[in-house]
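Before any comments, here is the structure.
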Amino acid sequence: MDKQHQLKIEAAKVALKYLQDGEIIGIGTGSTVNCFIDLLADHKHRIKAAVSSSEASTERLKKLNIEVIDLNEADEIPVYIDGADETNHQLELIKGGGGALTREKVIAAVAQKFVCIADQSKYVETLGKFPLPVEVVPMARSQVARELVKLGGDPAYRTGFVTDNGNVILDVYNLEITQPQILESEINQITGVVTNGLFARRPADHLILATDSGIKEY
Ligand SMILES: O=C(CO)[C@H](O)[C@H](O)COP(=O)(O)O
């Protein structure tokens, strides 16, 4: 097993302490969350059910006999566990490398506590080295791309990829994101954008970062 994967497992293990007995848990998407889902299998008796942010996570949860319910059936989500592509020290994130950003953002908005789990490679001074994913209604792809260029980015169409919502993704390169909240709002105002992968208006509440020198919690 490579070092990075080992760190993802370490972060996921620490996140188990946020489980709340008898409650619904929100589950994100990605390889780090997959580590958490696998660990959750041994604790499934403690939770009421899971709300999932993607078809991929739903499938993994169901394979482990963890009940998955629709978000509309959940009165509240005390805790949401998810990974990130980048985080800064304010726990503002870039997410959506796996293309699940919209459902992830919806669950994060509902959740009382958003716990981000990540390995050390995700921690950055300034967001933007990782291309910012933007989910777009297919017919608006070219128009949205032109607007993203005006904002200083270089959008690239993620070819061959369709989101769980039937939309496409533009990955925006070369953005140096010094004001994440403002950029998040600006991009969301472009007609045809479903959402973008900046989680700055609703950042994580806690970060569990696995590093070579141990777990750091923020
Ligand atoms: O936002 C995401 C999926 O849409 C993931 O959380 C993000 O891409 C991190 O994934 P990984 O844990 O595989 O590095």
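Residue numbering restarts at 1 in every chain; chains get A, B, ... in the order shown in the structure tokens, and ligands count up from 1 in that same order.
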task: List all protein, DNA and RNA residues that have an atom no more than 8 Å from any atom of ligand 1, counting only C-alpha atoms and all ligand atoms, and report them as a ChimeraX atom specification.
output: /A:8,28-34,82-85,94-101,104,117-118,197
Expected file contents, prior selection, C-alpha atoms, as an mmCIF file, in the first residue's frame:
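The result, stored in selection_39.cif:
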data_model
loop_
_atom_site.group_PDB
_atom_site.id
_atom_site.type_symbol
_atom_site.label_atom_id
_atom_site.label_comp_id
_atom_site.auth_asym_id
_atom_site.auth_seq_id
_atom_site.Cartn_x
_atom_site.Cartn_y
_atom_site.Cartn_z
ATOM 1 C CA LYS A 8 -5.974 8.513 4.006
ATOM 2 C CA GLY A 28 -18.978 12.321 0.737
ATOM 3 C CA THR A 29 -17.176 10.905 -2.267
ATOM 4 C CA GLY A 30 -13.637 9.907 -3.221
ATOM 5 C CA SER A 31 -10.801 7.609 -2.248
ATOM 6 C CA THR A 32 -10.392 9.082 1.250
ATOM 7 C CA VAL A 33 -14.099 8.710 1.949
ATOM 8 C CA ASN A 34 -13.933 5.164 0.601
ATOM 9 C CA ASP A 82 -15.972 14.174 3.171
ATOM 10 C CA GLY A 83 -12.574 14.622 1.550
ATOM 11 C CA ALA A 84 -11.178 17.536 -0.443
ATOM 12 C CA ASP A 85 -8.850 18.270 -3.315
ATOM 13 C CA ILE A 94 -11.726 22.970 -3.450
ATOM 14 C CA LYS A 95 -13.800 19.874 -4.088
ATOM 15 C CA GLY A 96 -15.193 18.054 -7.097
ATOM 16 C CA GLY A 97 -12.181 16.175 -8.401
ATOM 17 C CA GLY A 98 -14.502 13.173 -8.403
ATOM 18 C CA GLY A 99 -17.304 15.209 -9.954
ATOM 19 C CA ALA A 100 -19.710 14.949 -7.028
ATOM 20 C CA LEU A 101 -19.458 18.597 -5.984
ATOM 21 C CA GLU A 104 -21.586 17.281 -1.737
ATOM 22 C CA ILE A 117 -10.549 14.167 6.059
ATOM 23 C CA ALA A 118 -7.395 14.508 4.006
ATOM 24 C CA GLY A 197 -16.197 23.303 -6.264
#
message: If we count only C-alpha atoms and set the cut-off at 12 Å, which residues sit around A:Leu170, ignoring sequence neighbours fewer than 6 positions away in its own chain? Please answer as a VMD selection string.
response: chain A and resid 96 to 97 99 131 to 138 140 to 149 153 to 163 187 192 to 197
task: Determine the nearest neighbour of A:Ala108 from the options A:Val51, A:Leu61, A:Ile190, A:Cys35, counting only C-alpha atoms.
output: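 Of the candidates, the smallest distance to A:Ala108 is held by A:Val51.
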message: So, with only C-alpha atoms as the atoms that count, which of A:Leu93, A:His5, A:Lys129, A:Cys116 lies closest to A:Gln181?
response: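 Looking only at the distances to A:Gln181, the closest residue turns out to be A:Leu93.
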task: Kindly indicate which residue among A:Asn88, A:Ser213, A:Thr191, A:Gln120 lies nearest to A:Gln179, using only C-alpha atoms for the distances.
output: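 Of A:Asn88, A:Ser213, A:Thr191, A:Gln120, the one nearest A:Gln179 is A:Asn88, counting only C-alpha atoms.
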message: Quick one: residues within 12 Å of A:Asp38, only C-alpha atoms, excluding same-chain residues fewer than 6 positions away - as a ChimeraX atom specification?
response: /A:8-9,12-13,16,27,31-32,44,57,60-66
task: Assign secondary structure with DSSP using the backbone only, and return the residues of stretch 18-158 of chain A in helix (DSSP H, G or I) as a PyMOL selection string.
output: chain A and resi 18+31-46+55-63+71-73+101-110+120-122+138-150
